[in-house]
$ cat upload.csv   # CSV, N, CA, C and O atoms
chain,number,residue,atom,x,y,z
A,1,MET,N,6.6,-70.5,-77.5
A,1,MET,CA,7.7,-70.7,-78.4
A,1,MET,C,7.2,-70.8,-79.8
A,1,MET,O,6.3,-71.6,-80.1
A,2,PRO,N,7.7,-70.0,-80.7
A,2,PRO,CA,7.3,-70.0,-82.1
A,2,PRO,C,7.6,-71.3,-82.8
A,2,PRO,O,8.6,-71.9,-82.6
A,3,ILE,N,6.8,-71.7,-83.8
A,3,ILE,CA,7.0,-72.8,-84.6
A,3,ILE,C,7.7,-72.4,-85.9
A,3,ILE,O,7.3,-71.4,-86.5
A,4,PRO,N,8.8,-73.1,-86.2
A,4,PRO,CA,9.6,-72.7,-87.4
A,4,PRO,C,8.7,-72.9,-88.7
A,4,PRO,O,7.9,-73.8,-88.8
A,5,ALA,N,9.0,-72.1,-89.7
A,5,ALA,CA,8.3,-72.2,-91.0
A,5,ALA,C,8.7,-73.5,-91.6
A,5,ALA,O,9.7,-74.1,-91.4
A,6,ILE,N,7.8,-74.0,-92.5
A,6,ILE,CA,7.9,-75.2,-93.2
A,6,ILE,C,9.2,-75.2,-94.0
A,6,ILE,O,10.0,-76.2,-94.0
A,7,GLY,N,9.6,-74.1,-94.6
A,7,GLY,CA,10.8,-74.0,-95.4
A,7,GLY,C,12.1,-74.2,-94.6
A,7,GLY,O,13.1,-74.4,-95.2
A,8,SER,N,12.0,-74.0,-93.3
A,8,SER,CA,13.2,-74.1,-92.5
A,8,SER,C,13.4,-75.4,-91.9
A,8,SER,O,14.4,-75.6,-91.1
A,9,ILE,N,12.6,-76.4,-92.2
A,9,ILE,CA,12.7,-77.7,-91.6
A,9,ILE,C,13.9,-78.4,-92.2
A,9,ILE,O,14.1,-78.5,-93.4
A,10,GLY,N,14.8,-79.0,-91.3
A,10,GLY,CA,16.0,-79.7,-91.7
A,10,GLY,C,16.5,-80.5,-90.5
A,10,GLY,O,15.7,-81.3,-90.0
A,11,ALA,N,17.7,-80.3,-90.1
A,11,ALA,CA,18.3,-81.1,-89.0
A,11,ALA,C,17.7,-80.8,-87.7
A,11,ALA,O,17.3,-79.6,-87.4
A,12,VAL,N,17.5,-81.7,-86.8
A,12,VAL,CA,16.9,-81.5,-85.5
A,12,VAL,C,17.9,-81.0,-84.5
A,12,VAL,O,19.0,-81.4,-84.5
A,13,ASP,N,17.5,-79.9,-83.8
A,13,ASP,CA,18.4,-79.3,-82.8
A,13,ASP,C,17.7,-79.2,-81.5
A,13,ASP,O,16.7,-78.6,-81.3
A,14,ALA,N,18.2,-80.0,-80.5
A,14,ALA,CA,17.6,-80.1,-79.2
A,14,ALA,C,17.6,-78.8,-78.4
A,14,ALA,O,16.8,-78.7,-77.5
A,15,THR,N,18.4,-77.9,-78.7
A,15,THR,CA,18.5,-76.7,-77.9
A,15,THR,C,17.4,-75.7,-78.2
A,15,THR,O,17.2,-74.7,-77.5
A,16,THR,N,16.6,-75.9,-79.3
A,16,THR,CA,15.6,-74.9,-79.7
A,16,THR,C,14.3,-75.1,-79.1
A,16,THR,O,13.5,-74.2,-79.0
A,17,SER,N,13.9,-76.4,-78.8
A,17,SER,CA,12.6,-76.7,-78.3
A,17,SER,C,12.5,-78.1,-77.7
A,17,SER,O,13.4,-78.9,-78.0
A,18,ALA,N,11.5,-78.3,-77.0
A,18,ALA,CA,11.3,-79.7,-76.4
A,18,ALA,C,11.1,-80.7,-77.4
A,18,ALA,O,11.4,-81.9,-77.2
A,19,ALA,N,10.6,-80.4,-78.5
A,19,ALA,CA,10.3,-81.3,-79.6
A,19,ALA,C,11.5,-81.5,-80.5
A,19,ALA,O,11.5,-82.2,-81.5
A,20,GLY,N,12.6,-80.8,-80.2
A,20,GLY,CA,13.7,-80.8,-81.1
A,20,GLY,C,13.4,-80.1,-82.4
A,20,GLY,O,13.5,-80.7,-83.5
A,21,ALA,N,13.0,-78.9,-82.3
A,21,ALA,CA,12.6,-78.1,-83.5
A,21,ALA,C,13.7,-78.2,-84.6
A,21,ALA,O,14.9,-78.2,-84.3
A,22,ALA,N,13.2,-78.1,-85.8
A,22,ALA,CA,14.1,-78.3,-87.0
A,22,ALA,C,14.7,-77.0,-87.3
A,22,ALA,O,14.1,-75.9,-87.2
A,23,THR,N,16.0,-77.0,-87.8
A,23,THR,CA,16.6,-75.8,-88.3
A,23,THR,C,17.1,-76.1,-89.7
A,23,THR,O,17.1,-77.2,-90.2
A,24,ALA,N,17.4,-75.0,-90.4
A,24,ALA,CA,17.7,-75.1,-91.8
A,24,ALA,C,19.0,-75.8,-92.0
A,24,ALA,O,19.9,-75.6,-91.2
A,25,THR,N,19.1,-76.6,-93.1
A,25,THR,CA,20.4,-77.2,-93.5
A,25,THR,C,20.8,-76.7,-94.8
A,25,THR,O,20.0,-76.3,-95.6
A,26,SER,N,22.1,-76.8,-95.1
A,26,SER,CA,22.6,-76.4,-96.4
A,26,SER,C,22.8,-77.6,-97.3
A,26,SER,O,23.0,-78.7,-96.8
A,27,GLY,N,22.7,-77.4,-98.6
A,27,GLY,CA,22.9,-78.6,-99.4
A,27,GLY,C,21.6,-79.0,-100.1
A,27,GLY,O,20.5,-78.6,-99.7
A,28,THR,N,21.7,-79.8,-101.1
A,28,THR,CA,20.5,-80.3,-101.8
A,28,THR,C,20.6,-81.8,-102.1
A,28,THR,O,21.7,-82.3,-102.0
A,29,GLY,N,19.5,-82.4,-102.4
A,29,GLY,CA,19.5,-83.8,-102.8
A,29,GLY,C,19.5,-84.7,-101.7
A,29,GLY,O,19.2,-84.4,-100.5
A,30,GLY,N,19.7,-86.0,-102.0
A,30,GLY,CA,19.6,-87.1,-101.1
A,30,GLY,C,20.6,-87.0,-100.0
A,30,GLY,O,20.4,-87.5,-98.8
A,31,ALA,N,21.8,-86.5,-100.2
A,31,ALA,CA,22.8,-86.4,-99.2
A,31,ALA,C,22.4,-85.5,-98.1
A,31,ALA,O,22.6,-85.8,-96.9
A,32,ALA,N,21.8,-84.4,-98.4
A,32,ALA,CA,21.3,-83.5,-97.3
A,32,ALA,C,20.2,-84.1,-96.5
A,32,ALA,O,20.2,-83.9,-95.3
A,33,PHE,N,19.3,-84.8,-97.1
A,33,PHE,CA,18.3,-85.5,-96.4
A,33,PHE,C,18.8,-86.6,-95.5
A,33,PHE,O,18.5,-86.7,-94.4
A,34,GLY,N,19.8,-87.3,-96.0
A,34,GLY,CA,20.5,-88.4,-95.2
A,34,GLY,C,21.2,-87.8,-94.0
A,34,GLY,O,21.2,-88.3,-92.9
A,35,ASP,N,21.9,-86.7,-94.3
A,35,ASP,CA,22.6,-86.0,-93.2
A,35,ASP,C,21.6,-85.5,-92.1
A,35,ASP,O,21.9,-85.6,-90.9
A,36,ALA,N,20.4,-85.0,-92.6
A,36,ALA,CA,19.4,-84.5,-91.6
A,36,ALA,C,18.9,-85.7,-90.8
A,36,ALA,O,18.7,-85.5,-89.6
A,37,LEU,N,18.7,-86.8,-91.4
A,37,LEU,CA,18.2,-88.0,-90.7
A,37,LEU,C,19.3,-88.5,-89.7
A,37,LEU,O,19.0,-88.8,-88.5
A,38,THR,N,20.5,-88.5,-90.1
A,38,THR,CA,21.6,-88.9,-89.2
A,38,THR,C,21.7,-88.0,-88.0
A,38,THR,O,21.9,-88.4,-86.9
A,39,SER,N,21.6,-86.7,-88.3
A,39,SER,CA,21.7,-85.7,-87.2
A,39,SER,C,20.5,-85.9,-86.2
A,39,SER,O,20.7,-85.8,-85.0
A,40,ALA,N,19.3,-86.2,-86.8
A,40,ALA,CA,18.1,-86.4,-85.9
A,40,ALA,C,18.3,-87.6,-85.0
A,40,ALA,O,18.0,-87.6,-83.8
A,41,VAL,N,18.8,-88.7,-85.6
A,41,VAL,CA,19.1,-89.9,-84.8
A,41,VAL,C,20.1,-89.7,-83.7
A,41,VAL,O,20.0,-90.1,-82.6
A,42,ASP,N,21.2,-89.0,-84.1
A,42,ASP,CA,22.3,-88.7,-83.1
A,42,ASP,C,21.7,-87.8,-82.0
A,42,ASP,O,22.0,-88.0,-80.8
A,43,ASN,N,20.9,-86.8,-82.3
A,43,ASN,CA,20.3,-86.0,-81.4
A,43,ASN,C,19.4,-86.8,-80.4
A,43,ASN,O,19.4,-86.6,-79.2
A,44,LEU,N,18.6,-87.7,-81.0
A,44,LEU,CA,17.7,-88.5,-80.2
A,44,LEU,C,18.5,-89.4,-79.2
A,44,LEU,O,18.2,-89.5,-78.0
A,45,GLN,N,19.6,-89.9,-79.7
A,45,GLN,CA,20.5,-90.7,-78.8
A,45,GLN,C,21.0,-89.9,-77.6
A,45,GLN,O,21.1,-90.3,-76.5
A,46,GLN,N,21.4,-88.7,-77.9
A,46,GLN,CA,21.9,-87.8,-76.9
A,46,GLN,C,20.8,-87.4,-75.9
A,46,GLN,O,21.1,-87.4,-74.7
A,47,LEU,N,19.6,-87.1,-76.4
A,47,LEU,CA,18.5,-86.8,-75.5
A,47,LEU,C,18.2,-88.0,-74.6
A,47,LEU,O,17.9,-87.8,-73.4
A,48,GLN,N,18.2,-89.2,-75.2
A,48,GLN,CA,17.8,-90.4,-74.4
A,48,GLN,C,18.9,-90.7,-73.3
A,48,GLN,O,18.6,-91.1,-72.2
A,49,GLY,N,20.2,-90.4,-73.7
A,49,GLY,CA,21.3,-90.6,-72.7
A,49,GLY,C,21.1,-89.6,-71.6
A,49,GLY,O,21.3,-90.0,-70.4
A,50,THR,N,20.8,-88.4,-71.9
A,50,THR,CA,20.6,-87.4,-70.8
A,50,THR,C,19.4,-87.7,-69.9
A,50,THR,O,19.5,-87.6,-68.7
A,51,SER,N,18.4,-88.2,-70.6
A,51,SER,CA,17.2,-88.6,-69.8
A,51,SER,C,17.5,-89.8,-68.9
A,51,SER,O,17.1,-89.8,-67.7
A,52,ASP,N,18.3,-90.8,-69.4
A,52,ASP,CA,18.6,-91.9,-68.6
A,52,ASP,C,19.5,-91.5,-67.4
A,52,ASP,O,19.3,-92.0,-66.3
A,53,THR,N,20.5,-90.6,-67.7
A,53,THR,CA,21.4,-90.2,-66.6
A,53,THR,C,20.6,-89.4,-65.5
A,53,THR,O,20.8,-89.7,-64.3
A,54,LEU,N,19.7,-88.6,-65.9
A,54,LEU,CA,18.9,-87.8,-64.9
A,54,LEU,C,18.0,-88.7,-64.2
A,54,LEU,O,17.7,-88.6,-63.0
A,55,ALA,N,17.4,-89.8,-64.8
A,55,ALA,CA,16.5,-90.7,-64.2
A,55,ALA,C,17.3,-91.5,-63.1
A,55,ALA,O,16.8,-91.7,-62.0
A,56,ILE,N,18.5,-91.9,-63.4
A,56,ILE,CA,19.3,-92.6,-62.5
A,56,ILE,C,19.6,-91.7,-61.3
A,56,ILE,O,19.6,-92.2,-60.1
A,57,LYS,N,20.0,-90.5,-61.5
A,57,LYS,CA,20.2,-89.5,-60.4
A,57,LYS,C,19.0,-89.3,-59.6
A,57,LYS,O,19.1,-89.2,-58.3
A,58,ALA,N,17.8,-89.3,-60.2
A,58,ALA,CA,16.6,-89.1,-59.4
A,58,ALA,C,16.3,-90.3,-58.5
A,58,ALA,O,15.9,-90.2,-57.4
A,59,VAL,N,16.5,-91.5,-59.1
A,59,VAL,CA,16.3,-92.7,-58.3
A,59,VAL,C,17.2,-92.9,-57.1
A,59,VAL,O,16.8,-93.3,-56.0
A,60,THR,N,18.5,-92.5,-57.3
A,60,THR,CA,19.5,-92.6,-56.3
A,60,THR,C,19.5,-91.5,-55.3
A,60,THR,O,20.1,-91.5,-54.3
A,61,GLY,N,18.7,-90.4,-55.6
A,61,GLY,CA,18.6,-89.3,-54.7
A,61,GLY,C,19.6,-88.2,-54.9
A,61,GLY,O,19.8,-87.3,-54.0
A,62,ASN,N,20.4,-88.3,-56.0
A,62,ASN,CA,21.4,-87.3,-56.2
A,62,ASN,C,21.0,-86.2,-57.1
A,62,ASN,O,21.8,-85.3,-57.5
A,63,LEU,N,19.7,-86.1,-57.4
A,63,LEU,CA,19.2,-85.0,-58.2
A,63,LEU,C,18.4,-84.0,-57.4
A,63,LEU,O,17.6,-84.3,-56.6
A,64,ASP,N,18.9,-82.7,-57.5
A,64,ASP,CA,18.3,-81.7,-56.7
A,64,ASP,C,16.9,-81.3,-57.2
A,64,ASP,O,16.0,-81.0,-56.4
A,65,ASP,N,16.7,-81.3,-58.5
A,65,ASP,CA,15.4,-80.8,-59.0
A,65,ASP,C,14.8,-81.9,-59.9
A,65,ASP,O,15.3,-82.1,-61.0
A,66,ILE,N,13.7,-82.5,-59.5
A,66,ILE,CA,13.1,-83.6,-60.2
A,66,ILE,C,12.5,-83.1,-61.6
A,66,ILE,O,12.4,-83.9,-62.5
A,67,HIS,N,12.3,-81.8,-61.7
A,67,HIS,CA,11.7,-81.2,-62.9
A,67,HIS,C,12.7,-81.5,-64.1
A,67,HIS,O,12.2,-81.7,-65.2
A,68,ASP,N,14.0,-81.4,-63.8
A,68,ASP,CA,15.0,-81.6,-64.9
A,68,ASP,C,14.8,-83.0,-65.5
A,68,ASP,O,14.9,-83.2,-66.7
A,69,ALA,N,14.6,-84.0,-64.6
A,69,ALA,CA,14.5,-85.4,-65.1
A,69,ALA,C,13.2,-85.5,-65.9
A,69,ALA,O,13.1,-86.2,-66.9
A,70,THR,N,12.1,-84.9,-65.4
A,70,THR,CA,10.8,-85.0,-66.1
A,70,THR,C,10.9,-84.3,-67.5
A,70,THR,O,10.4,-84.9,-68.5
A,71,ILE,N,11.5,-83.1,-67.5
A,71,ILE,CA,11.6,-82.4,-68.8
A,71,ILE,C,12.5,-83.2,-69.8
A,71,ILE,O,12.1,-83.3,-70.9
A,72,ALA,N,13.6,-83.7,-69.3
A,72,ALA,CA,14.5,-84.5,-70.2
A,72,ALA,C,13.8,-85.7,-70.7
A,72,ALA,O,13.9,-86.1,-71.9
A,73,ALA,N,13.0,-86.4,-69.9
A,73,ALA,CA,12.3,-87.6,-70.3
A,73,ALA,C,11.2,-87.3,-71.4
A,73,ALA,O,11.0,-88.0,-72.4
A,74,THR,N,10.5,-86.2,-71.1
A,74,THR,CA,9.5,-85.7,-72.1
A,74,THR,C,10.1,-85.3,-73.4
A,74,THR,O,9.6,-85.6,-74.5
A,75,ARG,N,11.2,-84.6,-73.3
A,75,ARG,CA,11.9,-84.1,-74.5
A,75,ARG,C,12.4,-85.3,-75.3
A,75,ARG,O,12.2,-85.4,-76.6
A,76,ALA,N,12.9,-86.4,-74.7
A,76,ALA,CA,13.3,-87.6,-75.4
A,76,ALA,C,12.1,-88.3,-76.0
A,76,ALA,O,12.2,-88.8,-77.2
A,77,GLN,N,11.0,-88.4,-75.3
A,77,GLN,CA,9.8,-89.0,-75.8
A,77,GLN,C,9.3,-88.3,-77.0
A,77,GLN,O,8.9,-89.0,-78.0
A,78,VAL,N,9.1,-87.0,-77.0
A,78,VAL,CA,8.6,-86.3,-78.1
A,78,VAL,C,9.5,-86.4,-79.3
A,78,VAL,O,9.0,-86.5,-80.4
A,79,THR,N,10.8,-86.3,-79.1
A,79,THR,CA,11.7,-86.4,-80.2
A,79,THR,C,11.7,-87.8,-80.8
A,79,THR,O,11.7,-87.9,-82.0
A,80,MET,N,11.5,-88.8,-80.0
A,80,MET,CA,11.4,-90.2,-80.5
A,80,MET,C,10.1,-90.3,-81.4
A,80,MET,O,10.2,-90.9,-82.4
A,81,GLU,N,9.0,-89.7,-80.9
A,81,GLU,CA,7.8,-89.8,-81.7
A,81,GLU,C,8.0,-89.0,-83.0
A,81,GLU,O,7.5,-89.5,-84.1
A,82,LEU,N,8.7,-87.9,-83.0
A,82,LEU,CA,9.0,-87.2,-84.2
A,82,LEU,C,9.8,-88.0,-85.2
A,82,LEU,O,9.5,-88.1,-86.4
A,83,VAL,N,10.9,-88.6,-84.7
A,83,VAL,CA,11.8,-89.4,-85.6
A,83,VAL,C,11.0,-90.6,-86.1
A,83,VAL,O,11.1,-90.9,-87.3
A,84,ALA,N,10.2,-91.2,-85.3
A,84,ALA,CA,9.4,-92.4,-85.8
A,84,ALA,C,8.4,-92.0,-86.8
A,84,ALA,O,8.2,-92.7,-87.8
A,85,GLY,N,7.8,-90.8,-86.6
A,85,GLY,CA,6.8,-90.3,-87.6
A,85,GLY,C,7.5,-90.0,-89.0
A,85,GLY,O,6.9,-90.3,-90.0
A,86,VAL,N,8.7,-89.4,-88.9
A,86,VAL,CA,9.4,-89.1,-90.2
A,86,VAL,C,9.8,-90.4,-90.9
A,86,VAL,O,9.7,-90.6,-92.1
A,87,ARG,N,10.2,-91.4,-90.0
A,87,ARG,CA,10.6,-92.7,-90.6
A,87,ARG,C,9.4,-93.4,-91.3
A,87,ARG,O,9.5,-93.9,-92.4
A,88,ASN,N,8.2,-93.3,-90.6
A,88,ASN,CA,7.0,-93.9,-91.2
A,88,ASN,C,6.6,-93.3,-92.5
A,88,ASN,O,6.2,-94.0,-93.4
A,89,LYS,N,6.7,-92.0,-92.5
A,89,LYS,CA,6.4,-91.3,-93.7
A,89,LYS,C,7.3,-91.6,-94.9
A,89,LYS,O,7.0,-91.7,-96.0
A,90,ALA,N,8.6,-91.7,-94.5
A,90,ALA,CA,9.6,-92.1,-95.5
A,90,ALA,C,9.3,-93.5,-96.1
A,90,ALA,O,9.4,-93.7,-97.3
A,91,VAL,N,9.0,-94.4,-95.2
A,91,VAL,CA,8.7,-95.8,-95.7
A,91,VAL,C,7.4,-95.8,-96.5
A,91,VAL,O,7.4,-96.4,-97.6
A,92,ASP,N,6.4,-95.0,-96.1
A,92,ASP,CA,5.2,-94.9,-96.9
A,92,ASP,C,5.5,-94.3,-98.3
A,92,ASP,O,5.0,-94.8,-99.3
A,93,ALA,N,6.3,-93.3,-98.4
A,93,ALA,CA,6.7,-92.7,-99.6
A,93,ALA,C,7.5,-93.7,-100.5
A,93,ALA,O,7.2,-93.8,-101.7
A,94,PHE,N,8.4,-94.4,-99.9
A,94,PHE,CA,9.1,-95.4,-100.7
A,94,PHE,C,8.2,-96.5,-101.2
A,94,PHE,O,8.3,-96.9,-102.4
A,95,ASN,N,7.3,-97.0,-100.4
A,95,ASN,CA,6.3,-98.0,-100.9
A,95,ASN,C,5.5,-97.4,-102.0
A,95,ASN,O,5.1,-98.2,-103.0
A,96,GLU,N,5.1,-96.2,-101.9
A,96,GLU,CA,4.3,-95.6,-102.9
A,96,GLU,C,5.0,-95.5,-104.3
A,96,GLU,O,4.5,-95.7,-105.3
A,97,ILE,N,6.3,-95.1,-104.2
A,97,ILE,CA,7.1,-95.0,-105.4
A,97,ILE,C,7.3,-96.4,-106.0
A,97,ILE,O,7.3,-96.5,-107.2
A,98,MET,N,7.5,-97.4,-105.2
A,98,MET,CA,7.6,-98.8,-105.7
A,98,MET,C,6.4,-99.3,-106.4
A,98,MET,O,6.5,-100.1,-107.3
A,99,ARG,N,5.2,-98.8,-106.1
A,99,ARG,CA,4.0,-99.2,-106.7
A,99,ARG,C,3.7,-98.5,-108.0
A,99,ARG,O,2.8,-98.8,-108.7
A,100,MET,N,4.5,-97.4,-108.3
A,100,MET,CA,4.2,-96.7,-109.5
A,100,MET,C,4.5,-97.5,-110.8
A,100,MET,O,5.4,-98.3,-110.8
A,101,GLN,N,3.7,-97.3,-111.8
A,101,GLN,CA,3.9,-98.0,-113.1
A,101,GLN,C,5.0,-97.2,-113.9
A,101,GLN,O,5.1,-96.0,-113.9
A,102,ALA,N,5.9,-98.0,-114.5
A,102,ALA,CA,7.0,-97.4,-115.3
A,102,ALA,C,6.5,-96.9,-116.6
A,102,ALA,O,5.5,-97.2,-117.2
$ encode --input "upload.csv" --output "C-alpha coordinates"
Amino acid sequence: MPIPAIGSIGAVDATTSAAGAATATSGTGGAAFGDALTSAVDNLQQLQGTSDTLAIKAVTGNLDDIHDATIAATRAQVTMELVAGVRNKAVDAFNEIMRMQA
(Lines of atoms letter the chains of each structure in order from A and count residues from 1; the text may use other names and numbers.)
(Lines give C-alpha, C1' and ligand atoms only; values in the text may rest on other atoms or scores of the structure.)
Protein backbone atom coordinates (compact mmCIF):
# COMPACT_ATOMS: atom_id res chain seq x y z
CA MET A 1 0.00 0.00 0.00
CA PRO A 2 1.57 3.33 -1.05
CA ILE A 3 2.29 6.00 1.53
CA PRO A 4 0.69 9.38 0.74
CA ALA A 5 2.94 12.35 0.01
CA ILE A 6 3.68 14.78 2.84
CA GLY A 7 1.76 17.53 1.04
CA SER A 8 -1.43 15.45 1.06
CA ILE A 9 -1.58 14.94 4.82
CA GLY A 10 -4.84 16.20 6.32
CA ALA A 11 -7.93 14.51 7.75
CA VAL A 12 -7.66 10.84 8.72
CA ASP A 13 -9.70 8.42 6.59
CA ALA A 14 -10.06 4.85 7.91
CA THR A 15 -10.98 3.41 4.53
CA THR A 16 -7.57 4.03 2.95
CA SER A 17 -5.25 2.11 5.27
CA ALA A 18 -4.89 0.35 8.59
CA ALA A 19 -3.13 3.38 10.01
CA GLY A 20 -5.90 5.71 8.92
CA ALA A 21 -3.86 7.29 6.12
CA ALA A 22 -4.29 11.01 5.72
CA THR A 23 -6.09 12.63 2.83
CA ALA A 24 -5.98 16.20 1.61
CA THR A 25 -8.28 18.78 3.15
CA SER A 26 -9.41 22.07 1.73
CA GLY A 27 -9.00 25.35 3.52
CA THR A 28 -6.19 27.16 5.25
CA GLY A 29 -5.30 28.36 8.69
CA GLY A 30 -6.18 27.17 12.16
CA ALA A 31 -9.75 26.22 11.30
CA ALA A 32 -8.61 23.60 8.78
CA PHE A 33 -6.15 22.17 11.29
CA GLY A 34 -8.86 22.05 13.95
CA ASP A 35 -11.24 20.37 11.54
CA ALA A 36 -8.56 17.80 10.67
CA LEU A 37 -8.00 17.02 14.35
CA THR A 38 -11.74 16.76 15.00
CA SER A 39 -12.08 14.40 12.04
CA ALA A 40 -9.18 12.28 13.31
CA VAL A 41 -10.72 11.94 16.77
CA ASP A 42 -14.13 11.11 15.30
CA ASN A 43 -12.50 8.47 13.09
CA LEU A 44 -10.66 7.04 16.10
CA GLN A 45 -13.90 6.76 18.06
CA GLN A 46 -15.55 4.97 15.13
CA LEU A 47 -12.66 2.53 14.80
CA GLN A 48 -12.66 1.79 18.53
CA GLY A 49 -16.41 1.22 18.46
CA THR A 50 -16.06 -1.22 15.57
CA SER A 51 -13.21 -2.98 17.37
CA ASP A 52 -15.26 -3.28 20.57
CA THR A 53 -18.29 -4.63 18.70
CA LEU A 54 -16.23 -7.26 16.89
CA ALA A 55 -14.42 -8.22 20.12
CA ILE A 56 -17.77 -8.80 21.84
CA LYS A 57 -18.96 -10.90 18.90
CA ALA A 58 -15.73 -12.92 19.04
CA VAL A 59 -16.08 -13.59 22.77
CA THR A 60 -19.73 -14.61 22.48
CA GLY A 61 -19.01 -16.87 19.49
CA ASN A 62 -21.11 -14.86 17.02
CA LEU A 63 -18.15 -13.92 14.81
CA ASP A 64 -17.45 -16.11 11.79
CA ASP A 65 -13.95 -14.79 11.04
CA ILE A 66 -11.68 -13.90 13.98
CA HIS A 67 -9.36 -12.10 11.55
CA ASP A 68 -11.90 -9.28 11.28
CA ALA A 69 -11.70 -8.64 15.02
CA THR A 70 -7.90 -8.79 15.00
CA ILE A 71 -7.63 -6.39 12.08
CA ALA A 72 -10.13 -3.96 13.63
CA ALA A 73 -8.27 -4.00 16.96
CA THR A 74 -4.93 -3.39 15.26
CA ARG A 75 -6.39 -0.60 13.11
CA ALA A 76 -7.80 1.12 16.21
CA GLN A 77 -4.50 0.72 18.08
CA VAL A 78 -2.38 2.16 15.26
CA THR A 79 -4.78 5.06 14.77
CA MET A 80 -4.70 5.79 18.51
CA GLU A 81 -0.90 5.88 18.41
CA LEU A 82 -1.03 8.24 15.42
CA VAL A 83 -3.49 10.62 17.11
CA ALA A 84 -1.47 10.54 20.35
CA GLY A 85 1.72 11.30 18.41
CA VAL A 86 0.12 14.27 16.66
CA ARG A 87 -1.21 15.52 20.00
CA ASN A 88 2.22 15.22 21.61
CA LYS A 89 3.88 17.11 18.76
CA ALA A 90 1.23 19.85 18.97
CA VAL A 91 1.81 20.23 22.73
CA ASP A 92 5.58 20.34 22.17
CA ALA A 93 5.14 23.02 19.49
CA PHE A 94 2.87 25.05 21.77
CA ASN A 95 5.38 24.85 24.62
CA GLU A 96 8.18 25.87 22.30
CA ILE A 97 6.20 28.90 21.11
CA MET A 98 5.47 29.89 24.70
CA ARG A 99 9.21 29.85 25.49
CA MET A 100 10.03 32.27 22.67
CA GLN A 101 11.23 35.73 23.59
CA ALA A 102 9.06 38.65 22.43
$ atom_distance --input "upload.csv" --atom1 "atom C of Asp65 of chain A" --atom2 "atom O of Thr79 of chain A"
23.1 Å
$ residues_around --input "upload.csv" --residues "segment 90-102 of chain A" --least-positions-apart "6" --cutoff "12 Å" --atoms "only C-alpha atoms" --output "list of chain:residue names"
A:Phe33, A:Gly34, A:Leu37, A:Val83, A:Ala84
$ atom_distance --input "upload.csv" --atom1 "atom N of Ser51 of chain A" --atom2 "atom O of Ile71 of chain A"
8.0 Å
$ closest_residue --input "upload.csv" --among "A:Val86, A:Leu54, A:Leu44, A:Met80" --to "His67 of chain A" --atoms "only C-alpha atoms"
A:Leu54
$ atom_distance --input "upload.csv" --atom1 "atom CA of Asp68 of chain A" --atom2 "atom N of Ala55 of chain A"
8.5 Å
$ select_by_dssp --input "upload.csv" --residues "segment 22-99 of chain A" --states "alpha helix (DSSP H)" --output "PyMOL selection string"
chain A and resi 30-60+66-99
$ closest_residue --input "upload.csv" --among "A:Glu81, A:Ile66, A:Ala73, A:Ala36" --to "Asp52 of chain A" --atoms "all atoms listed in the file"
A:Ala73
$ build_atoms --input "upload.csv" --residues "segment 69-78 of chain A" --atoms "all heavy atoms" --output "JSON list (two decimals), in the frame of the given file"
[["chain", "number", "residue", "atom", "x", "y", "z"],
["A", 69, "ALA", "N", 14.60, -84.00, -64.60],
["A", 69, "ALA", "CA", 14.50, -85.40, -65.10],
["A", 69, "ALA", "C", 13.20, -85.50, -65.90],
["A", 69, "ALA", "O", 13.10, -86.20, -66.90],
["A", 69, "ALA", "CB", 14.50, -86.36, -63.95],
["A", 70, "THR", "N", 12.10, -84.90, -65.40],
["A", 70, "THR", "CA", 10.80, -85.00, -66.10],
["A", 70, "THR", "C", 10.90, -84.30, -67.50],
["A", 70, "THR", "O", 10.40, -84.90, -68.50],
["A", 70, "THR", "CB", 9.72, -84.32, -65.24],
["A", 70, "THR", "OG1", 9.72, -84.94, -63.96],
["A", 70, "THR", "CG2", 8.36, -84.46, -65.88],
["A", 71, "ILE", "N", 11.50, -83.10, -67.50],
["A", 71, "ILE", "CA", 11.60, -82.40, -68.80],
["A", 71, "ILE", "C", 12.50, -83.20, -69.80],
["A", 71, "ILE", "O", 12.10, -83.30, -70.90],
["A", 71, "ILE", "CB", 12.15, -81.00, -68.54],
["A", 71, "ILE", "CG1", 11.10, -80.16, -67.82],
["A", 71, "ILE", "CG2", 12.56, -80.34, -69.86],
["A", 71, "ILE", "CD1", 11.60, -78.83, -67.32],
["A", 72, "ALA", "N", 13.60, -83.70, -69.30],
["A", 72, "ALA", "CA", 14.50, -84.50, -70.20],
["A", 72, "ALA", "C", 13.80, -85.70, -70.70],
["A", 72, "ALA", "O", 13.90, -86.10, -71.90],
["A", 72, "ALA", "CB", 15.73, -84.91, -69.44],
["A", 73, "ALA", "N", 13.00, -86.40, -69.90],
["A", 73, "ALA", "CA", 12.30, -87.60, -70.30],
["A", 73, "ALA", "C", 11.20, -87.30, -71.40],
["A", 73, "ALA", "O", 11.00, -88.00, -72.40],
["A", 73, "ALA", "CB", 11.62, -88.32, -69.14],
["A", 74, "THR", "N", 10.50, -86.20, -71.10],
["A", 74, "THR", "CA", 9.50, -85.70, -72.10],
["A", 74, "THR", "C", 10.10, -85.30, -73.40],
["A", 74, "THR", "O", 9.60, -85.60, -74.50],
["A", 74, "THR", "CB", 8.64, -84.58, -71.47],
["A", 74, "THR", "OG1", 8.08, -85.03, -70.24],
["A", 74, "THR", "CG2", 7.54, -84.13, -72.41],
["A", 75, "ARG", "N", 11.20, -84.60, -73.30],
["A", 75, "ARG", "CA", 11.90, -84.10, -74.50],
["A", 75, "ARG", "C", 12.40, -85.30, -75.30],
["A", 75, "ARG", "O", 12.20, -85.40, -76.60],
["A", 75, "ARG", "CB", 13.10, -83.27, -74.14],
["A", 75, "ARG", "CG", 13.84, -82.72, -75.33],
["A", 75, "ARG", "CD", 14.94, -81.80, -74.90],
["A", 75, "ARG", "NE", 14.33, -80.56, -74.41],
["A", 75, "ARG", "CZ", 14.93, -79.68, -73.64],
["A", 75, "ARG", "NH1", 16.16, -79.90, -73.23],
["A", 75, "ARG", "NH2", 14.33, -78.58, -73.27],
["A", 76, "ALA", "N", 12.90, -86.40, -74.70],
["A", 76, "ALA", "CA", 13.30, -87.60, -75.40],
["A", 76, "ALA", "C", 12.10, -88.30, -76.00],
["A", 76, "ALA", "O", 12.20, -88.80, -77.20],
["A", 76, "ALA", "CB", 14.09, -88.48, -74.46],
["A", 77, "GLN", "N", 11.00, -88.40, -75.30],
["A", 77, "GLN", "CA", 9.80, -89.00, -75.80],
["A", 77, "GLN", "C", 9.30, -88.30, -77.00],
["A", 77, "GLN", "O", 8.90, -89.00, -78.00],
["A", 77, "GLN", "CB", 8.77, -89.11, -74.71],
["A", 77, "GLN", "CG", 7.48, -89.76, -75.18],
["A", 77, "GLN", "CD", 6.38, -89.69, -74.14],
["A", 77, "GLN", "OE1", 6.56, -89.12, -73.07],
["A", 77, "GLN", "NE2", 5.25, -90.28, -74.44],
["A", 78, "VAL", "N", 9.10, -87.00, -77.00],
["A", 78, "VAL", "CA", 8.60, -86.30, -78.10],
["A", 78, "VAL", "C", 9.50, -86.40, -79.30],
["A", 78, "VAL", "O", 9.00, -86.50, -80.40],
["A", 78, "VAL", "CB", 8.33, -84.80, -77.67],
["A", 78, "VAL", "CG1", 8.00, -83.94, -78.87],
["A", 78, "VAL", "CG2", 7.23, -84.73, -76.64]]
